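Enquirer: I'd like to ask you about the structure that follows.
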Amino acid sequence: MAVNQAIASLRRHFLSDQTPATGTAKINVGTTERLLSTAGGALLTYYGIKRGTSPGGVTMATLGGALLFRGATGYCSVNEALGRDTSDHELKPIEITQTFTLFKYRHDVYNFWRHLENLPRFMHHLQKVTQLDSKRSHWEAKIPGGLGTIAWEAEIVDDRPDELISWRSLPGSQIDNSGEVTFIEAPGGKGTEVQATICYRAPIGALGKSVATLLNPALAQMVREDLRRFKQLMESGEIPTIEGQPSGRA
Amino acid sequence: MRALCWVGVNDLKVEQVPDPGILNPKDAIVRVTMSSVCGSDLHLLGGYVPAMREGDIIGHEFMGEVVEVGSEVRKLQRGDRVVVSSVIGCGGCWHCNQGEWSLCDNSNTDAGLLEKAYGYSGAGIFGYSHAFGGYAGSHAEYIRVPYADNGSFKIPEGVKDESALFVSDAFPTGFMAADMCGIQPGDVVAVWGCGGVGQMAIRSAYLLGASRVIAIDRFPERLEIARTIGQAETLNYEEVDVLEMLKEMTGGRGPDRCIDAVGMEAHTTGVEHLYDKAKQMVRLETDRPAVLRQAIMACRKGGTVSIVGVYGGLLDKFPMGAAMNKALTFRMGQMHAQRYIPHLLDIVQRGEVDPSYLLTHRWPLEKGMEGYTMFKKKTDNCMRVVFTPQEA
């Protein structure tokens with residue numbers, strides 16, 4: 001019953017003319033399907049990853065990742081920066097923040113990130129980013145499991161050299177996506193504190209909340225691993241790996 | 001190539017596996033000529049360190065010859081004879097730049113796993129489970145060495161293979177144990193454990209100015225080596241009351257510096273050992289800290305306890321009251337090999353220390369399981385079994 005109510009609430013929301021908070025969402029997956037995709041995806045991904053690299057685990061994680069991708073195509077933006085109204089409790093976003101300190105100069109760290117074409121070098125789901133002009137860029141991501149690609153356009157909303165970059169997808173995109181990254185000089189000559197914030201909009205209602213609770217750790221870990229690869233690449237010049245090394249598993 | 005793989009708790013097999021290749025620009029491939037067993041491997045074998053996967057190649061203390069280098073390797077060339085640090089350091093993070101190589105931020109490929117257990121993750125280590133990066137180990141004909149310029153050191157001409165080998169791990173670990181003690185002139189240093197690391201800690205304590213070193217173990221042949229080659233006074237804990245003896249031997253003060261070169265699988269006598277073993281078996285504690293407890297009790301007021309024996313998780317009955325009220329200083333950690341290896345190679349080249357006496361058995365990989373069993377049980381006066389992967 002509660003599930004039906006939540007789904008009905010979701011339908012009311014998405015079928016109404018009310019503009020989504022970010023104003024860019026193009027929802028092309030049915031509401032019920034999306035809700036179930038997200039929940040199932042989060043579960044499968046989480047447990048798939050937990051099971052490590054056993055063949056079953058990989059399949060589960062891949063399938064989970066694909067579902068997750070579909071379910072989460074209702075990203076929100078960094079509400080504060082964009083002056084978004086978050087008073088609508090049904091649209092409470094999940095905000096994921098991760099921080100690393102990089103033993104590099106702030107200017108260099110900012111520059112590397114601002115050159116958006118660099119992002120796929122450490123963000124594993126991204127395939128390619130092309131800068132269209134000083135503000136706008138075209139993004140392509142692969143859907144986990146070889147299920148094709150997804151593309152969208154984004155614009156830089158705020159850009160303060162050596163301090164902050166924030167972005168969001170443009171209206172009409174397949175994915176409503178946004179984020180913000182700040183660069184702060186760490187005390188004691190320890191380098192630069194890099195903080196990335198990504199927002200996702202959770203499905204609505206009580207069920208939505210529990211789905212969000214499920215979803216959050218997996219997504220937070222994905223963002224964290226992206227940022228960790230950024231640190232590895234910046235500090236050591238490469239991303240350490242064991243993929244392709246020998247073992248007796250064969 | 002042939003490689004010694006972990007296939008289950010207390011089960012190792014030589015398997016035919018693909019040769020390693022360059023995966024990253026800073027990698028090198030080393031043809032392994034010697035690869036030693038290490039006490040810390042026993043924790044993996046016994047199943048005390050989780051995150052081992054069937055088929056993982058073990059071994060982390062090794063030397064060999066560079067046969068291939070990645071495009072970003074600057075200091076090494078094909079044909080170089082090198083000894084390689086067991087701990088992998090990226091060289092670019094803040095910790096590596098502080099000389100704290102085993103705290104490297106970047107070399108663990110699966111840092112998220114250790115972050116859950118420890119809050120933050122340390123460096124990757126060769127052949128030391130997926131909690132430490134899952135890197136293929138050195139008990140194999142070839143090994144891929146990531147960040148090769150940082151961790152591989154050319155062995156000076158005239159230094160024999162068996163003298164250079166232990167500069168990979170046992171010697172820097174023992175040296176760091178003594179270094180962390182902050183030895184002052186006149187200090188008495190007590191060393192628990194007379195395996196490879198303990199023997200090197202004894203030598204290092206003297207190198208760093210200790211006036212006397214007292215070594216503690218239960219195997220007569222190891223105590224004999226500590227006495228004859230290490231110039232230590234020795235105590236067999238199965239024969240004497242260690243706390244009483246240490247007090248007596250130090251004018252009632254207690255040793256100024258205490259080194260734990262044993263770690264989580266310590267043995268002791270009587271009820272305490274049974275208590276720890278039982279709790280460990282049902283996983284109520286993961287580590288048996290008998291040595292650490294004794295070191296804390298034995299240490300003089302205001303002294304230093306230096307820990308290089310490996311601990312993995314949680315321990316029980318930790319005498320915090322004694323530690324606090326005696327104002328002890330604790331220093332500990334996996335060794336920062338890259339910081340010490342150049343200095344130690346000099347010491348070996350000058351002949352001040354020749355660690356080759358640790359090598360008691362030189363065997364092919366095919367005797368891997370037998371080698372570890374002997375090493376664990378210390379039969380046949382075994383100190384260290386060294387595998388020579390090029391010999392079948």
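Scheme for the structure tokens: letters A, B, ... for chains in order shown; per-chain residue numbers from 1; ligand numbers from 1 in order shown.
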What residues in chain B lie within 6 Å of chain A, counting only C-alpha atoms, written as number ranges by chain?
Expert: B: 15, 17-18, 20, 55-56, 90, 92-94, 106, 109
Enquirer: Could you save those same residues with all heavy atoms as an mmCIF file, in the first residue's frame?
Expert:
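Contents of result_24.cif, as written:
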data_model
loop_
_atom_site.group_PDB
_atom_site.id
_atom_site.type_symbol
_atom_site.label_atom_id
_atom_site.label_comp_id
_atom_site.auth_asym_id
_atom_site.auth_seq_id
_atom_site.Cartn_x
_atom_site.Cartn_y
_atom_site.Cartn_z
ATOM 1 N N GLU B 15 52.061 -22.859 -9.542
ATOM 2 C CA GLU B 15 51.173 -22.885 -10.707
ATOM 3 C C GLU B 15 51.912 -22.298 -11.909
ATOM 4 O O GLU B 15 52.813 -21.476 -11.752
ATOM 5 C CB GLU B 15 49.921 -22.012 -10.463
ATOM 6 C CG GLU B 15 49.158 -22.352 -9.213
ATOM 7 C CD GLU B 15 48.089 -23.400 -9.422
ATOM 8 O OE1 GLU B 15 48.103 -24.064 -10.478
ATOM 9 O OE2 GLU B 15 47.241 -23.553 -8.504
ATOM 10 N N VAL B 17 51.630 -19.685 -14.611
ATOM 11 C CA VAL B 17 50.824 -18.469 -14.807
ATOM 12 C C VAL B 17 51.463 -17.649 -15.927
ATOM 13 O O VAL B 17 52.623 -17.874 -16.272
ATOM 14 C CB VAL B 17 50.747 -17.627 -13.502
ATOM 15 C CG1 VAL B 17 50.214 -18.444 -12.338
ATOM 16 C CG2 VAL B 17 52.098 -17.021 -13.158
ATOM 17 N N PRO B 18 50.713 -16.692 -16.497
ATOM 18 C CA PRO B 18 51.307 -15.856 -17.550
ATOM 19 C C PRO B 18 52.456 -15.012 -16.992
ATOM 20 O O PRO B 18 52.443 -14.648 -15.811
ATOM 21 C CB PRO B 18 50.145 -14.954 -17.987
ATOM 22 C CG PRO B 18 48.908 -15.597 -17.466
ATOM 23 C CD PRO B 18 49.299 -16.371 -16.250
ATOM 24 N N PRO B 20 54.422 -11.611 -16.228
ATOM 25 C CA PRO B 20 53.897 -10.260 -16.033
ATOM 26 C C PRO B 20 54.380 -9.321 -17.139
ATOM 27 O O PRO B 20 55.452 -9.546 -17.723
ATOM 28 C CB PRO B 20 54.506 -9.842 -14.685
ATOM 29 C CG PRO B 20 55.761 -10.643 -14.568
ATOM 30 C CD PRO B 20 55.509 -11.934 -15.288
ATOM 31 N N GLY B 55 44.782 -18.253 -5.657
ATOM 32 C CA GLY B 55 45.582 -17.973 -6.850
ATOM 33 C C GLY B 55 46.521 -16.796 -6.690
ATOM 34 O O GLY B 55 47.352 -16.539 -7.568
ATOM 35 N N ASP B 56 46.417 -16.059 -5.594
ATOM 36 C CA ASP B 56 47.327 -14.930 -5.368
ATOM 37 C C ASP B 56 48.762 -15.427 -5.226
ATOM 38 O O ASP B 56 49.031 -16.389 -4.493
ATOM 39 C CB ASP B 56 46.949 -14.176 -4.072
ATOM 40 C CG ASP B 56 45.730 -13.288 -4.245
ATOM 41 O OD1 ASP B 56 45.335 -13.031 -5.403
ATOM 42 O OD2 ASP B 56 45.184 -12.836 -3.215
ATOM 43 N N CYS B 90 54.581 5.660 -4.100
ATOM 44 C CA CYS B 90 54.372 6.380 -5.360
ATOM 45 C C CYS B 90 55.404 7.478 -5.566
ATOM 46 O O CYS B 90 55.682 7.876 -6.682
ATOM 47 C CB CYS B 90 52.960 6.971 -5.416
ATOM 48 S SG CYS B 90 52.747 8.528 -4.490
ATOM 49 N N GLY B 92 55.088 10.568 -4.956
ATOM 50 C CA GLY B 92 54.530 11.882 -5.226
ATOM 51 C C GLY B 92 53.660 12.452 -4.118
ATOM 52 O O GLY B 92 53.409 13.651 -4.073
ATOM 53 N N CYS B 93 53.188 11.593 -3.222
ATOM 54 C CA CYS B 93 52.262 12.084 -2.194
ATOM 55 C C CYS B 93 53.044 12.719 -1.039
ATOM 56 O O CYS B 93 54.266 12.608 -0.962
ATOM 57 C CB CYS B 93 51.375 10.947 -1.684
ATOM 58 S SG CYS B 93 52.226 9.711 -0.682
ATOM 59 N N TRP B 94 52.342 13.345 -0.155
ATOM 60 C CA TRP B 94 52.976 14.051 0.970
ATOM 61 C C TRP B 94 53.750 13.077 1.851
ATOM 62 O O TRP B 94 54.874 13.359 2.252
ATOM 63 C CB TRP B 94 51.893 14.781 1.783
ATOM 64 C CG TRP B 94 52.443 15.607 2.902
ATOM 65 C CD1 TRP B 94 53.027 16.836 2.797
ATOM 66 C CD2 TRP B 94 52.458 15.262 4.300
ATOM 67 N NE1 TRP B 94 53.410 17.280 4.049
ATOM 68 C CE2 TRP B 94 53.069 16.337 4.989
ATOM 69 C CE3 TRP B 94 52.013 14.152 5.031
ATOM 70 C CZ2 TRP B 94 53.237 16.342 6.372
ATOM 71 C CZ3 TRP B 94 52.185 14.155 6.410
ATOM 72 C CH2 TRP B 94 52.795 15.242 7.064
ATOM 73 N N ASN B 106 48.902 6.523 -2.317
ATOM 74 C CA ASN B 106 48.418 6.151 -3.651
ATOM 75 C C ASN B 106 48.670 4.722 -4.100
ATOM 76 O O ASN B 106 48.050 4.271 -5.053
ATOM 77 C CB ASN B 106 49.039 7.091 -4.695
ATOM 78 C CG ASN B 106 48.555 8.518 -4.513
ATOM 79 O OD1 ASN B 106 47.391 8.750 -4.210
ATOM 80 N ND2 ASN B 106 49.447 9.482 -4.666
ATOM 81 N N THR B 109 45.935 -0.256 -4.463
ATOM 82 C CA THR B 109 44.948 -0.186 -5.545
ATOM 83 C C THR B 109 43.516 -0.348 -5.035
ATOM 84 O O THR B 109 42.578 -0.091 -5.755
ATOM 85 C CB THR B 109 45.175 -1.305 -6.587
ATOM 86 O OG1 THR B 109 45.006 -2.566 -5.925
ATOM 87 C CG2 THR B 109 46.567 -1.224 -7.176
#
Enquirer: Would you kindly return, as a ChimeraX atom specification, each protein, DNA or RNA residue with an atom no farther than 12 Å from any atom of Val282 (chain B), considering only C-alpha atoms and excluding same-chain residues fewer than 6 positions away?
Expert: /B:48,275-276
Enquirer: From a DSSP calculation on the backbone, collect every residue of region 202-353 of chain B in alpha helix (DSSP H) and output the set as a ChimeraX atom specification.
Expert: /B:202-207,220-228,242-249,270-281,290-298,320-325,337-349
Enquirer: CA of Met335 (chain B) and CA of Gly174 (chain B) are how many Å apart?
Expert: 8.6 Å
Enquirer: Excluding Trp101 (chain B) and residues on its chain fewer than 6 positions from it, collect all residues at most 8 Å away from it, counting only C-alpha atoms, and give them as a ChimeraX atom specification.
Expert: /B:87-89,91,95,123,335-339
Enquirer: Work out how far CA of Ala140 (chain B) is from CA of Cys5 (chain B), in Å to one decimal.
Expert: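 Interatomic distance here is 8.9 Å.
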Enquirer: Need to verify the contact set: Arg31 (chain B), 8 Å, only C-alpha atoms, exclusion of same-chain residues closer than 5 positions in sequence. Can you return it as a ChimeraX atom specification?
Expert: /B:64-67,141-143
Enquirer: Tell me which protein, DNA and RNA residues are within 10 Å of Asn108 (chain B), counting only C-alpha atoms, leaving out same-chain ones fewer than 3 positions away, and put them as a count of residues only.
Expert: 24
Enquirer: For region 331-378 of chain B against region 206-226 of chain B, with a cut-off of 9 Å and counting only C-alpha atoms, what is the closest atom pair and its distance in Å to one decimal for every residue that makes the cut, ordered by chain and number, as a Markdown table?
Expert:
| residue | atom | partner | partner_atom | distance |
| --- | --- | --- | --- | --- |
| B:Glu352 | CA | B:Leu207 | CA | 9.0 |
| B:Tyr357 | CA | B:Ile225 | CA | 8.9 |
| B:Lys378 | CA | B:Phe219 | CA | 8.2 |
Enquirer: Got time to write the residues from that selection, all heavy atoms, as an mmCIF file, in the first residue's frame?
Expert:
data_model
loop_
_atom_site.group_PDB
_atom_site.id
_atom_site.type_symbol
_atom_site.label_atom_id
_atom_site.label_comp_id
_atom_site.auth_asym_id
_atom_site.auth_seq_id
_atom_site.Cartn_x
_atom_site.Cartn_y
_atom_site.Cartn_z
ATOM 1 N N GLU B 352 80.056 -3.933 7.483
ATOM 2 C CA GLU B 352 79.703 -3.752 8.900
ATOM 3 C C GLU B 352 78.639 -4.758 9.334
ATOM 4 O O GLU B 352 78.641 -5.224 10.472
ATOM 5 C CB GLU B 352 79.200 -2.330 9.155
ATOM 6 C CG GLU B 352 80.308 -1.286 9.075
ATOM 7 C CD GLU B 352 79.760 0.129 9.169
ATOM 8 O OE1 GLU B 352 78.844 0.365 9.975
ATOM 9 O OE2 GLU B 352 80.232 0.991 8.402
ATOM 10 N N TYR B 357 73.679 -14.302 6.991
ATOM 11 C CA TYR B 357 73.559 -15.390 7.969
ATOM 12 C C TYR B 357 72.109 -15.721 8.314
ATOM 13 O O TYR B 357 71.824 -16.726 8.964
ATOM 14 C CB TYR B 357 74.359 -15.091 9.243
ATOM 15 C CG TYR B 357 73.915 -13.902 10.069
ATOM 16 C CD1 TYR B 357 73.026 -14.047 11.134
ATOM 17 C CD2 TYR B 357 74.412 -12.629 9.819
ATOM 18 C CE1 TYR B 357 72.636 -12.968 11.912
ATOM 19 C CE2 TYR B 357 74.039 -11.534 10.587
ATOM 20 C CZ TYR B 357 73.151 -11.707 11.633
ATOM 21 O OH TYR B 357 72.778 -10.627 12.391
ATOM 22 N N LYS B 378 60.012 -23.938 12.738
ATOM 23 C CA LYS B 378 61.422 -23.704 13.088
ATOM 24 C C LYS B 378 62.205 -25.003 13.243
ATOM 25 O O LYS B 378 63.064 -25.124 14.117
ATOM 26 C CB LYS B 378 61.532 -22.872 14.383
ATOM 27 C CG LYS B 378 61.259 -21.390 14.176
ATOM 28 C CD LYS B 378 59.848 -21.056 14.567
ATOM 29 C CE LYS B 378 59.538 -19.565 14.495
ATOM 30 N NZ LYS B 378 58.085 -19.310 14.549
#
Enquirer: By how many Å are CA of Ile150 (chain A) and CA of Lys135 (chain A) apart?
Expert: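 So the answer is 20.6 Å.
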Enquirer: Can you tell me, as a ChimeraX atom specification, which residues in region 184-273 of chain B count as strand (DSSP E) by DSSP?
Expert: /B:188-192,212-217,233-236,257-260
Enquirer: Mind checking which residues fall within 12 Å of Val73 (chain B), counting only C-alpha atoms, ignoring those fewer than 2 positions away in the same chain, and posting them as an NGL selection string?
Expert: (:A and (237)) or (:B and (22 or 24-29 or 66 or 68-71 or 75-78 or 145-152))
